[in-house]
>>> print(open('upload_21.cif').read())   # mmCIF, C-alpha atoms and all ligand atoms
data_protein
loop_
_atom_site.label_atom_id
_atom_site.label_comp_id
_atom_site.auth_asym_id
_atom_site.auth_seq_id
_atom_site.Cartn_x
_atom_site.Cartn_y
_atom_site.Cartn_z
CA MET L 1067 25.84 -18.91 -12.78
CA MET L 1068 22.19 -18.60 -13.99
CA LYS L 1069 21.35 -15.23 -15.51
CA SER L 1070 18.71 -13.36 -13.53
CA SER L 1071 15.63 -12.00 -15.28
CA PHE L 1072 15.48 -9.06 -12.90
CA PRO L 1073 16.84 -5.95 -14.62
CA PRO L 1074 20.05 -4.54 -13.06
CA ASP L 1075 18.30 -1.30 -12.07
CA PHE L 1076 15.42 -3.15 -10.40
CA LEU L 1077 14.26 -1.52 -7.15
CA TRP L 1078 14.40 -3.90 -4.19
CA GLY L 1079 12.81 -2.66 -1.04
CA ALA L 1080 10.54 -2.88 1.94
CA ALA L 1081 7.45 -0.81 2.73
CA THR L 1082 5.72 0.86 5.68
CA ALA L 1083 3.03 3.50 6.23
CA ALA L 1084 3.08 6.49 8.58
CA PHE L 1085 0.14 5.69 10.83
CA GLN L 1086 1.17 2.07 11.23
CA ILE L 1087 4.65 2.80 12.56
CA GLU L 1088 5.25 6.40 13.59
CA GLY L 1089 3.39 6.83 16.88
CA ALA L 1090 3.90 10.36 18.31
CA VAL L 1091 0.35 11.09 17.20
CA ALA L 1092 0.09 14.43 18.96
CA GLU L 1093 3.71 15.52 18.95
CA ASP L 1094 5.41 18.57 17.45
CA GLY L 1095 2.19 20.11 16.20
CA LYS L 1096 0.67 17.11 14.45
CA GLY L 1097 -3.11 17.33 14.04
CA PRO L 1098 -5.48 14.39 14.52
CA SER L 1099 -6.14 12.07 11.60
CA ILE L 1100 -9.20 9.92 10.96
CA TRP L 1101 -7.29 6.95 12.32
CA ASP L 1102 -6.43 8.75 15.55
CA THR L 1103 -10.14 9.29 16.04
CA PHE L 1104 -11.29 5.86 14.93
CA SER L 1105 -8.70 3.89 16.89
CA HIS L 1106 -9.89 5.54 20.09
CA LEU L 1107 -13.53 4.57 19.58
CA PRO L 1108 -14.49 1.72 21.90
CA GLY L 1109 -14.70 -1.69 20.27
CA ARG L 1110 -13.35 -0.76 16.86
CA ILE L 1111 -9.80 -2.14 17.18
CA ARG L 1112 -8.89 -5.61 18.33
CA ASP L 1113 -7.98 -5.63 22.05
CA GLY L 1114 -8.62 -1.89 22.19
CA ALA L 1115 -5.18 -1.20 20.74
CA THR L 1116 -4.22 2.26 19.48
CA ALA L 1117 -1.31 3.47 17.37
CA ASP L 1118 -0.40 6.22 19.82
CA ILE L 1119 3.06 4.70 20.12
CA ALA L 1120 3.00 1.96 17.44
CA CYS L 1121 6.68 1.25 16.57
CA ASP L 1122 7.74 4.68 17.83
CA HIS L 1123 9.37 5.17 14.45
CA TYR L 1124 9.01 8.95 14.83
CA HIS L 1125 11.76 8.79 17.46
CA ARG L 1126 13.57 5.68 16.25
CA TRP L 1127 13.73 6.43 12.54
CA GLN L 1128 17.51 6.27 12.42
CA THR L 1129 17.53 2.78 13.92
CA ASP L 1130 14.94 1.79 11.34
CA LEU L 1131 16.92 3.22 8.44
CA ASN L 1132 19.86 1.19 9.72
CA LEU L 1133 17.69 -1.91 9.42
CA LEU L 1134 17.24 -1.08 5.75
CA THR L 1135 21.00 -0.84 5.35
CA GLU L 1136 21.38 -4.15 7.15
CA LEU L 1137 18.87 -5.71 4.74
CA GLY L 1138 20.73 -4.34 1.74
CA VAL L 1139 17.68 -2.92 -0.03
CA ASN L 1140 18.20 -0.10 -2.53
CA THR L 1141 14.81 1.53 -1.93
CA TYR L 1142 12.26 2.17 0.82
CA ARG L 1143 8.56 2.93 0.53
CA PHE L 1144 7.03 5.07 3.30
CA SER L 1145 4.09 7.43 3.56
CA VAL L 1146 3.71 10.96 4.84
CA SER L 1147 1.16 11.71 7.52
CA TRP L 1148 -0.87 14.54 5.96
CA SER L 1149 -1.91 15.83 9.40
CA ARG L 1150 1.71 16.01 10.59
CA VAL L 1151 2.53 18.41 7.76
CA LEU L 1152 -0.81 20.25 7.56
CA PRO L 1153 -2.56 19.73 10.92
CA SER L 1154 -5.92 20.91 9.57
CA GLY L 1155 -5.39 19.39 6.14
CA LYS L 1156 -4.98 22.75 4.42
CA GLY L 1157 -3.68 26.19 5.14
CA LYS L 1158 -1.02 26.51 7.81
CA LEU L 1159 2.06 24.35 7.39
CA ASN L 1160 3.56 22.65 10.46
CA PRO L 1161 7.32 23.11 9.87
CA SER L 1162 8.31 20.53 12.52
CA GLY L 1163 6.17 17.91 10.80
CA LEU L 1164 7.73 18.61 7.44
CA ASP L 1165 11.20 18.54 9.00
CA PHE L 1166 10.65 14.97 10.12
CA TYR L 1167 10.23 13.92 6.49
CA ASN L 1168 13.15 16.09 5.42
CA ARG L 1169 15.34 14.22 7.89
CA LEU L 1170 13.95 10.88 6.78
CA VAL L 1171 14.56 11.55 3.10
CA ASP L 1172 18.06 12.89 3.77
CA GLY L 1173 18.78 9.88 5.98
CA LEU L 1174 17.74 7.52 3.20
CA LEU L 1175 19.79 9.28 0.57
CA ALA L 1176 22.82 9.35 2.87
CA ARG L 1177 22.52 5.56 3.06
CA GLY L 1178 22.20 5.21 -0.73
CA ILE L 1179 18.52 4.22 -0.48
CA THR L 1180 15.98 5.59 -2.97
CA PRO L 1181 12.85 6.99 -1.29
CA LEU L 1182 9.43 6.10 -2.68
CA LEU L 1183 6.89 8.36 -1.02
CA THR L 1184 3.15 7.68 -0.69
CA LEU L 1185 1.06 10.82 -0.19
CA TRP L 1186 -2.10 9.19 1.21
CA HIS L 1187 -2.01 5.88 3.00
CA ALA L 1188 -5.48 6.02 4.61
CA ASP L 1189 -4.86 8.65 7.30
CA HIS L 1190 -6.10 12.06 6.18
CA PRO L 1191 -6.71 14.85 8.70
CA GLN L 1192 -9.84 14.60 10.84
CA ALA L 1193 -10.62 18.26 10.06
CA LEU L 1194 -11.13 17.32 6.41
CA GLU L 1195 -13.26 14.33 7.34
CA ASP L 1196 -15.41 16.66 9.43
CA ALA L 1197 -16.00 18.58 6.22
CA GLY L 1198 -17.11 15.42 4.39
CA GLY L 1199 -13.77 13.79 3.55
CA TRP L 1200 -13.50 12.08 0.16
CA ALA L 1201 -17.25 12.40 -0.37
CA ASN L 1202 -16.81 16.17 -0.60
CA ARG L 1203 -15.50 17.27 -4.00
CA ASP L 1204 -13.42 19.97 -2.28
CA MET L 1205 -11.20 17.14 -1.10
CA ILE L 1206 -9.88 16.95 -4.68
CA ASP L 1207 -8.32 20.41 -4.38
CA TRP L 1208 -7.22 19.87 -0.78
CA PHE L 1209 -5.37 16.73 -1.79
CA ALA L 1210 -3.83 18.31 -4.89
CA ASP L 1211 -2.63 21.30 -2.82
CA TYR L 1212 -1.10 19.00 -0.21
CA ALA L 1213 0.59 16.98 -2.95
CA ALA L 1214 1.92 20.14 -4.60
CA LEU L 1215 3.34 21.29 -1.27
CA LEU L 1216 5.31 18.08 -0.92
CA PHE L 1217 6.49 18.16 -4.55
CA ASP L 1218 7.73 21.66 -3.81
CA ARG L 1219 9.47 20.82 -0.50
CA LEU L 1220 10.78 17.32 -1.16
CA GLY L 1221 10.79 17.05 -4.96
CA ASP L 1222 14.44 18.07 -5.20
CA ARG L 1223 15.29 14.75 -3.51
CA VAL L 1224 12.31 12.40 -3.92
CA GLN L 1225 12.04 10.98 -7.43
CA HIS L 1226 9.31 8.36 -6.89
CA TRP L 1227 5.81 9.29 -5.79
CA ILE L 1228 2.59 7.42 -5.14
CA THR L 1229 -0.58 9.47 -4.90
CA LEU L 1230 -2.96 7.06 -3.14
CA ASN L 1231 -2.53 3.66 -1.57
CA GLU L 1232 -5.33 1.14 -2.17
CA PRO L 1233 -8.32 3.47 -2.50
CA ASN L 1234 -10.25 0.30 -3.35
CA CYS L 1235 -9.63 -1.36 0.03
CA PHE L 1236 -9.53 1.65 2.30
CA LEU L 1237 -12.60 3.36 0.86
CA TYR L 1238 -14.75 0.24 0.47
CA GLN L 1239 -14.04 -0.71 4.06
CA GLY L 1240 -13.95 2.81 5.49
CA LEU L 1241 -17.12 4.10 3.86
CA GLY L 1242 -18.97 1.06 2.51
CA THR L 1243 -18.80 -1.59 5.21
CA GLY L 1244 -17.63 0.90 7.83
CA SER L 1245 -15.24 -1.59 9.38
CA ILE L 1246 -12.28 0.80 9.37
CA ALA L 1247 -11.79 4.57 9.59
CA PRO L 1248 -13.73 6.74 9.21
CA GLY L 1249 -16.30 4.04 9.99
CA ILE L 1250 -19.17 5.15 7.74
CA ALA L 1251 -21.40 2.44 6.27
CA ASP L 1252 -23.07 4.12 3.30
CA TRP L 1253 -22.48 2.75 -0.22
CA LYS L 1254 -23.63 5.93 -1.94
CA ILE L 1255 -21.03 7.95 -0.05
CA CYS L 1256 -18.49 5.21 -0.70
CA TYR L 1257 -18.83 5.15 -4.50
CA GLN L 1258 -18.83 8.94 -4.73
CA ALA L 1259 -15.75 9.08 -2.50
CA ILE L 1260 -13.91 6.59 -4.72
CA HIS L 1261 -14.74 8.68 -7.77
CA ASN L 1262 -13.54 11.88 -6.06
CA ALA L 1263 -10.37 10.16 -4.87
CA LEU L 1264 -9.58 9.06 -8.42
CA VAL L 1265 -10.07 12.63 -9.69
CA ALA L 1266 -7.84 13.86 -6.85
CA HIS L 1267 -5.18 11.39 -7.92
CA GLY L 1268 -5.36 12.72 -11.49
CA GLN L 1269 -5.09 16.31 -10.33
CA ALA L 1270 -2.06 15.46 -8.20
CA VAL L 1271 -0.40 13.91 -11.26
CA GLN L 1272 -1.11 17.12 -13.19
CA ARG L 1273 0.36 19.20 -10.37
CA PHE L 1274 3.46 16.99 -10.35
CA ARG L 1275 3.99 17.55 -14.08
CA ALA L 1276 3.42 21.27 -13.60
CA SER L 1277 5.95 21.38 -10.74
CA GLY L 1278 8.77 20.84 -13.22
CA HIS L 1279 10.40 18.25 -10.94
CA SER L 1280 11.88 15.19 -12.55
CA GLY L 1281 10.82 11.76 -11.39
CA GLN L 1282 8.00 9.27 -11.59
CA ILE L 1283 4.49 9.26 -10.23
CA GLY L 1284 1.82 6.57 -10.02
CA ILE L 1285 -0.96 5.14 -7.88
CA THR L 1286 -1.06 1.91 -5.86
CA MET L 1287 -3.98 -0.48 -6.04
CA SER L 1288 -4.61 -3.67 -4.19
CA VAL L 1289 -4.96 -6.23 -6.99
CA ASP L 1290 -5.81 -9.62 -5.60
CA LEU L 1291 -7.13 -12.62 -7.45
CA TRP L 1292 -10.88 -13.34 -7.41
CA LYS L 1293 -11.82 -16.90 -8.38
CA PRO L 1294 -15.09 -18.84 -8.41
CA ALA L 1295 -15.47 -21.60 -5.83
CA SER L 1296 -16.85 -23.93 -8.55
CA ASP L 1297 -17.63 -24.08 -12.26
CA SER L 1298 -21.25 -23.18 -11.66
CA ILE L 1299 -22.52 -20.17 -13.61
CA GLU L 1300 -23.60 -18.56 -10.33
CA ASP L 1301 -20.15 -18.82 -8.74
CA GLN L 1302 -18.49 -17.62 -11.92
CA ARG L 1303 -20.78 -14.61 -12.07
CA ALA L 1304 -20.17 -13.82 -8.42
CA ALA L 1305 -16.38 -14.01 -8.90
CA ALA L 1306 -16.53 -11.80 -12.00
CA LEU L 1307 -18.59 -9.28 -10.07
CA ALA L 1308 -16.10 -9.24 -7.21
CA ASP L 1309 -13.25 -8.80 -9.69
CA THR L 1310 -15.05 -5.85 -11.27
CA GLN L 1311 -15.91 -4.22 -7.98
CA ASN L 1312 -12.48 -4.63 -6.41
CA ASN L 1313 -10.20 -4.32 -9.41
CA PHE L 1314 -11.68 -3.04 -12.68
CA TRP L 1315 -13.98 -0.46 -11.13
CA LEU L 1316 -10.94 1.64 -10.31
CA LEU L 1317 -8.31 0.34 -12.73
CA ASP L 1318 -10.34 0.78 -15.92
CA PRO L 1319 -10.90 4.55 -15.53
CA LEU L 1320 -7.28 5.02 -14.45
CA PHE L 1321 -6.25 3.54 -17.79
CA GLY L 1322 -8.67 5.64 -19.84
CA ARG L 1323 -11.54 3.18 -20.11
CA PRO L 1324 -15.07 4.01 -19.01
CA TYR L 1325 -16.29 2.68 -15.66
CA PRO L 1326 -17.40 -0.95 -16.20
CA GLN L 1327 -20.85 -0.30 -17.70
CA ASP L 1328 -22.79 -3.27 -16.26
CA PHE L 1329 -21.64 -2.44 -12.80
CA LEU L 1330 -22.33 1.28 -13.27
CA ALA L 1331 -25.86 0.54 -14.45
CA GLY L 1332 -26.34 -1.73 -11.44
CA LEU L 1333 -25.53 1.05 -8.99
CA GLY L 1334 -29.09 2.39 -9.33
CA ASP L 1335 -29.78 4.80 -6.49
CA LEU L 1336 -26.10 4.95 -5.72
CA ALA L 1337 -25.48 6.81 -9.01
CA LEU L 1338 -22.35 8.90 -9.10
CA GLN L 1339 -21.97 12.57 -9.69
CA ILE L 1340 -19.45 12.70 -12.53
CA LEU L 1341 -18.52 16.12 -13.92
CA PRO L 1342 -17.37 16.85 -17.46
CA GLY L 1343 -13.60 16.35 -17.65
CA ASP L 1344 -13.41 13.92 -14.70
CA ALA L 1345 -12.69 10.92 -16.90
CA GLN L 1346 -9.76 12.72 -18.56
CA THR L 1347 -8.37 13.85 -15.21
CA ILE L 1348 -8.58 10.35 -13.73
CA ALA L 1349 -6.78 8.94 -16.77
CA GLU L 1350 -3.90 11.44 -16.58
CA LYS L 1351 -0.92 9.41 -17.68
CA CYS L 1352 1.13 7.93 -14.87
CA ASP L 1353 4.67 6.61 -15.02
CA PHE L 1354 3.80 3.33 -13.30
CA LEU L 1355 1.13 1.35 -11.54
CA GLY L 1356 1.80 0.20 -7.98
CA VAL L 1357 0.40 -3.27 -7.31
CA ASN L 1358 -0.19 -4.75 -3.87
CA TYR L 1359 -0.70 -8.50 -4.12
CA TYR L 1360 -1.44 -10.67 -1.10
CA TRP L 1361 -3.66 -13.63 -1.89
CA LYS L 1362 -6.41 -15.39 -3.77
CA ASN L 1363 -10.05 -14.89 -2.81
CA VAL L 1364 -12.45 -17.72 -3.56
CA VAL L 1365 -15.98 -16.50 -4.27
CA ARG L 1366 -19.16 -18.50 -3.78
CA ALA L 1367 -22.49 -17.10 -5.02
CA GLY L 1368 -24.78 -15.93 -2.24
CA GLN L 1369 -21.99 -15.88 0.32
CA PRO L 1370 -20.60 -12.42 0.86
CA GLY L 1371 -17.04 -12.26 2.04
CA LEU L 1372 -14.17 -14.58 1.47
CA GLY L 1373 -14.62 -18.24 0.63
CA GLN L 1374 -11.80 -20.71 1.01
CA ALA L 1375 -10.67 -23.47 -1.31
CA ALA L 1376 -10.01 -26.89 0.19
CA LYS L 1377 -6.46 -28.11 0.86
CA SER L 1378 -4.75 -24.76 0.66
CA GLU L 1379 -2.53 -22.80 2.97
CA TYR L 1380 -4.03 -19.71 4.52
CA THR L 1381 -2.55 -16.64 6.07
CA ALA L 1382 -3.41 -15.67 9.64
CA ALA L 1383 -5.97 -13.28 8.11
CA GLY L 1384 -7.75 -15.95 6.11
CA GLY L 1385 -6.63 -15.29 2.50
CA GLU L 1386 -5.20 -18.18 0.51
CA ILE L 1387 -1.45 -18.06 -0.10
CA TYR L 1388 -1.21 -18.35 -3.86
CA PRO L 1389 2.04 -17.25 -5.53
CA ALA L 1390 0.82 -18.30 -9.01
CA GLY L 1391 -1.83 -15.62 -8.61
CA LEU L 1392 0.88 -12.97 -8.78
CA VAL L 1393 1.78 -14.15 -12.28
CA GLU L 1394 -1.88 -14.24 -13.25
CA VAL L 1395 -2.61 -10.77 -11.92
CA LEU L 1396 0.47 -9.29 -13.59
CA GLN L 1397 -0.31 -10.89 -16.93
CA MET L 1398 -3.90 -9.66 -16.72
CA LEU L 1399 -2.70 -6.07 -16.08
CA HIS L 1400 -0.13 -6.37 -18.85
CA SER L 1401 -2.63 -7.42 -21.48
CA ARG L 1402 -5.70 -5.46 -20.35
CA TYR L 1403 -3.90 -2.14 -19.92
CA ALA L 1404 -1.27 -2.19 -22.70
CA HIS L 1405 1.75 -3.28 -20.64
CA PRO L 1406 2.18 -0.59 -18.01
CA ALA L 1407 5.36 -0.28 -15.95
CA ILE L 1408 4.65 -1.90 -12.59
CA TYR L 1409 6.12 -1.79 -9.11
CA ILE L 1410 5.01 -4.43 -6.64
CA THR L 1411 4.53 -1.93 -3.85
CA GLU L 1412 3.38 -4.52 -1.29
CA ASN L 1413 3.47 -8.28 -0.88
CA GLY L 1414 3.66 -10.04 2.44
CA LEU L 1415 2.35 -12.57 4.89
CA TYR L 1416 0.07 -12.30 7.92
CA GLU L 1417 1.34 -14.45 10.76
CA HIS L 1418 0.59 -15.04 14.41
CA ASN L 1419 3.02 -13.95 17.07
CA LEU L 1420 6.28 -15.94 17.03
CA PRO L 1421 8.47 -14.28 19.67
CA PRO L 1422 12.24 -14.35 19.17
CA VAL L 1423 14.53 -16.88 20.76
CA ASP L 1424 18.19 -15.99 21.28
CA GLY L 1425 18.01 -12.89 19.15
CA LEU L 1426 16.26 -14.42 16.16
CA CYS L 1427 12.67 -15.00 15.23
CA ASP L 1428 12.06 -18.16 13.25
CA ASP L 1429 9.47 -17.60 10.50
CA PRO L 1430 9.91 -20.37 7.93
CA GLN L 1431 6.50 -19.69 6.40
CA ARG L 1432 7.55 -16.15 5.49
CA VAL L 1433 10.83 -17.39 4.02
CA GLN L 1434 8.88 -19.79 1.83
CA PHE L 1435 6.40 -17.04 0.96
CA LEU L 1436 9.21 -14.78 -0.20
CA LYS L 1437 10.93 -17.49 -2.23
CA ASP L 1438 7.71 -18.49 -3.97
CA HIS L 1439 6.54 -14.97 -4.71
CA LEU L 1440 9.91 -13.86 -6.04
CA ALA L 1441 9.99 -16.93 -8.28
CA ALA L 1442 6.50 -15.99 -9.51
CA LEU L 1443 7.67 -12.44 -10.11
CA GLU L 1444 10.59 -13.68 -12.16
CA GLU L 1445 8.23 -15.82 -14.18
CA ALA L 1446 6.03 -12.80 -14.94
CA ILE L 1447 9.07 -10.78 -16.02
CA GLN L 1448 10.18 -13.61 -18.28
CA ALA L 1449 6.70 -13.59 -19.80
CA GLY L 1450 7.21 -9.93 -20.73
CA VAL L 1451 5.53 -8.02 -17.88
CA ASP L 1452 7.37 -4.75 -17.22
CA VAL L 1453 7.98 -5.04 -13.47
CA ARG L 1454 10.54 -2.58 -12.13
CA GLY L 1455 10.54 -3.07 -8.39
CA TYR L 1456 9.44 -5.15 -5.41
CA PHE L 1457 8.68 -3.91 -1.89
CA PHE L 1458 8.09 -6.42 0.86
CA TRP L 1459 5.32 -5.57 3.32
CA SER L 1460 6.51 -4.84 5.85
CA LEU L 1461 9.88 -3.73 7.11
CA MET L 1462 8.73 -4.44 10.67
CA ASP L 1463 5.69 -5.63 12.62
CA ASN L 1464 3.27 -2.75 12.99
CA PHE L 1465 -0.26 -1.56 13.69
CA GLU L 1466 -2.45 -3.58 11.32
CA TRP L 1467 -5.47 -1.24 11.35
CA SER L 1468 -8.59 -2.78 12.92
CA GLN L 1469 -6.57 -5.92 13.75
CA GLY L 1470 -4.31 -3.96 16.07
CA TYR L 1471 -0.98 -5.67 16.70
CA HIS L 1472 -2.11 -9.21 15.99
CA PRO L 1473 -1.07 -10.18 12.53
CA ARG L 1474 2.66 -9.76 12.33
CA MET L 1475 3.91 -8.94 8.89
CA GLY L 1476 7.45 -7.63 9.42
CA LEU L 1477 10.86 -8.80 8.33
CA TYR L 1478 11.83 -7.53 11.78
CA TYR L 1479 9.97 -8.48 14.94
CA VAL L 1480 8.86 -5.61 17.17
CA ASP L 1481 8.36 -6.18 20.87
CA PHE L 1482 5.59 -3.65 21.50
CA ALA L 1483 6.41 -3.50 25.24
CA THR L 1484 10.09 -2.62 24.85
CA LEU L 1485 9.97 -1.48 21.20
CA GLN L 1486 13.05 -3.54 20.50
CA ARG L 1487 13.48 -4.73 16.91
CA THR L 1488 14.78 -8.27 16.32
CA PRO L 1489 15.56 -9.86 12.95
CA LYS L 1490 13.40 -12.66 11.67
CA ARG L 1491 14.88 -15.46 9.59
CA SER L 1492 13.05 -13.99 6.59
CA SER L 1493 15.11 -10.80 6.86
CA LEU L 1494 18.29 -12.88 6.71
CA TRP L 1495 16.96 -14.76 3.71
CA TYR L 1496 16.02 -11.52 1.90
CA ARG L 1497 19.42 -10.05 2.72
CA ASN L 1498 21.23 -13.04 1.23
CA PHE L 1499 18.98 -13.02 -1.80
CA LEU L 1500 19.71 -9.33 -2.38
CA SER L 1501 23.43 -9.55 -1.87
CA ASP L 1502 23.51 -12.41 -4.36
CA ARG L 1503 21.47 -10.29 -6.86
CA PHE L 1504 23.65 -7.20 -6.48
CA ASN L 1505 26.85 -9.23 -6.77
CA ARG L 1506 25.55 -10.88 -9.94
CA SER L 1507 24.46 -7.65 -11.57
CA SER L 1508 27.85 -6.09 -10.92
CA LEU L 1509 29.65 -8.95 -12.72
O1 LIG Y 1 -1.05 -3.16 6.37
C1 LIG Y 1 -1.72 -3.08 5.15
C2 LIG Y 1 -1.31 -1.84 4.40
O2 LIG Y 1 -1.53 -0.68 5.13
C3 LIG Y 1 -2.11 -1.74 3.12
N1 LIG Y 1 -2.02 -2.96 2.36
C4 LIG Y 1 -2.29 -4.19 3.04
C5 LIG Y 1 -1.43 -4.28 4.28
C6 LIG Y 1 -1.65 -5.60 5.00
O3 LIG Y 1 -2.96 -5.75 5.37
#
>>> encode(input="upload_21.cif", output="structure tokens")
Amino acid sequence: MMKSSFPPDFLWGAATAAFQIEGAVAEDGKGPSIWDTFSHLPGRIRDGATADIACDHYHRWQTDLNLLTELGVNTYRFSVSWSRVLPSGKGKLNPSGLDFYNRLVDGLLARGITPLLTLWHADHPQALEDAGGWANRDMIDWFADYAALLFDRLGDRVQHWITLNEPNCFLYQGLGTGSIAPGIADWKICYQAIHNALVAHGQAVQRFRASGHSGQIGITMSVDLWKPASDSIEDQRAAALADTQNNFWLLDPLFGRPYPQDFLAGLGDLALQILPGDAQTIAEKCDFLGVNYYWKNVVRAGQPGLGQAAKSEYTAAGGEIYPAGLVEVLQMLHSRYAHPAIYITENGLYEHNLPPVDGLCDDPQRVQFLKDHLAALEEAIQAGVDVRGYFFWSLMDNFEWSQGYHPRMGLYYVDFATLQRTPKRSSLWYRNFLSDRFNRSSL
């Protein structure tokens, strides 16, 4: 039998986020979040969908944890809804909201599944947004206090923490282009908000260390590949710029480097307010970097947005499926940032609706996607990259932000009329892959 390159203690999991699956948006004392507000604005979400019910995970969490057992994963990544725990974002705790996560964590541990908890996955309380959200420096303390509360209440059982999920995507789109919540299109606000969010991340890491709890903490970034459409100098420059804006702008300061200077100089009127000590706080040492990898972007000068290379396969959302890019991205992170420990906190495929037939949903493209990306991951590990875990996005079909329920990304199909979950072929493939892994590592 071939020896696997995956370490025996590798974390194998699936991921979700609170707003995308929980529903119950106004139940048991939960306050409104920016996504509750945004998803109810006319014309902002495809087909006018909302996440008021979503997958109804708030009521069906036990069924969903049983799906994890069925899959055979040893870990699960989920996020906490800040406004369920602190309806106004700060101050008064909502005990029923916290209890939901207590039950969830206990349910995972009872099933032998390690929880990996994300503190902010795009859905902060509307009350804080009304006070300026991430553009207001007070948000740094509000976030750190919220994080400290969860370290205090769940840190006896949760050993893996992520501060922020994809501040690059969610803040560029939420505050720069305005295409997602909170729907503000102002680049000055956007860059300041990103800076403040990075400082907030650093403060949360400091509060975690101060809490005395054991465990690991990190941040998750979306790190896709940005490639020029041709060899022309213009296309190469445009691709390098996109890489800097999307990746290095946030990653460099997190790893103790200055903000990319060319790009900083180019901000002009958008100049940031950076206070003494911010750089050190942002670079507070983490235990790992979370990496979300989906696809390759092809960049053509003068054409904002995604370009597409000829003769490639595309996801239902337009990105190019490119497993080799995972190796490239991981090797880049390994060499540029002095080989950090990495978890692949998301990787998955956008697909159109393929309803189940006779209790099974056939999704060969996702099976192939998984095979190819896990092979790429193994290649990166063999090349020396310190990858410690892999989380497939997503456990089940869910609310895909401004796209509503259209792209389906789950290992389990969700019928949004009946809320029934049905396995897809990819879940069976992942299950077999994992049982083979675990059997091998116990030999
Ligand atoms: O669904 C999202 C998730 O919330 C953040 N990362 C990308 C996923 C797919 O678009």
>>> residues_near_ligand(input="upload_21.cif", ligand="ligand LIG 1 (chain Y)", cutoff="7 Å", atoms="only C-alpha atoms and all ligand atoms", output="list in words")
Ala1083, His1187, Glu1232, Asn1358, Glu1412, Trp1459, Glu1466 and Trp1467 of chain L
>>> residues_around(input="upload_21.cif", residues="His1472 in chain L", least_positions_apart="5", cutoff="10 Å", atoms="all atoms listed in the file", output="mmCIF file with C-alpha atoms, keeping the file's coordinate frame")
data_model
loop_
_atom_site.group_PDB
_atom_site.id
_atom_site.type_symbol
_atom_site.label_atom_id
_atom_site.label_comp_id
_atom_site.auth_asym_id
_atom_site.auth_seq_id
_atom_site.Cartn_x
_atom_site.Cartn_y
_atom_site.Cartn_z
ATOM 1 C CA ARG L 1112 -8.890 -5.610 18.330
ATOM 2 C CA ASP L 1113 -7.980 -5.630 22.050
ATOM 3 C CA ALA L 1115 -5.180 -1.200 20.740
ATOM 4 C CA ALA L 1382 -3.410 -15.670 9.640
ATOM 5 C CA ALA L 1383 -5.970 -13.280 8.110
ATOM 6 C CA TYR L 1416 0.070 -12.300 7.920
ATOM 7 C CA GLU L 1417 1.340 -14.450 10.760
ATOM 8 C CA HIS L 1418 0.590 -15.040 14.410
ATOM 9 C CA ASN L 1419 3.020 -13.950 17.070
ATOM 10 C CA ASP L 1463 5.690 -5.630 12.620
ATOM 11 C CA ASN L 1464 3.270 -2.750 12.990
ATOM 12 C CA PHE L 1465 -0.260 -1.560 13.690
ATOM 13 C CA GLU L 1466 -2.450 -3.580 11.320
ATOM 14 C CA TRP L 1467 -5.470 -1.240 11.350
#
>>> atom_distance(input="upload_21.cif", atom1="CA of Ser1154 in chain L", atom2="CA of Ala1193 in chain L")
5.4 Å
>>> closest_residue(input="upload_21.cif", among="L:Tyr1403, L:Trp1148, L:Ala1081, L:Asp1309", to="Arg1323 in chain L", atoms="only C-alpha atoms")
L:Tyr1403
>>> atom_distance(input="upload_21.cif", atom1="CA of Trp1127 in chain L", atom2="CA of Ala1210 in chain L")
27.4 Å
>>> atom_distance(input="upload_21.cif", atom1="CA of Ala1449 in chain L", atom2="CA of Trp1495 in chain L")
25.7 Å
>>> residues_around(input="upload_21.cif", residues="Ile1246 in chain L", least_positions_apart="6", cutoff="8 Å", atoms="only C-alpha atoms", output="list of chain:residue names")
L:Phe1104, L:Arg1110, L:Phe1236, L:Gln1239, L:Gly1240, L:Trp1467, L:Ser1468
>>> closest_residue(input="upload_21.cif", among="L:Gly1368, L:Gly1268, L:Gly1089, L:Gly1322", to="Ile1206 in chain L", atoms="all atoms listed in the file")
L:Gly1268
>>> residues_around(input="upload_21.cif", residues="Lys1158 in chain L", least_positions_apart="3", cutoff="12 Å", atoms="all atoms listed in the file", output="VMD selection string")
chain L and resid 1095 to 1097 1149 to 1155 1161 1163 to 1164 1211 to 1212 1215
>>> residues_around(input="upload_21.cif", residues="Gly1079 in chain L", least_positions_apart="5", cutoff="7 Å", atoms="all atoms listed in the file", output="list in words")
Val1139, Asn1140, Thr1141, Tyr1142, Tyr1456, Phe1457 and Phe1458 of chain L
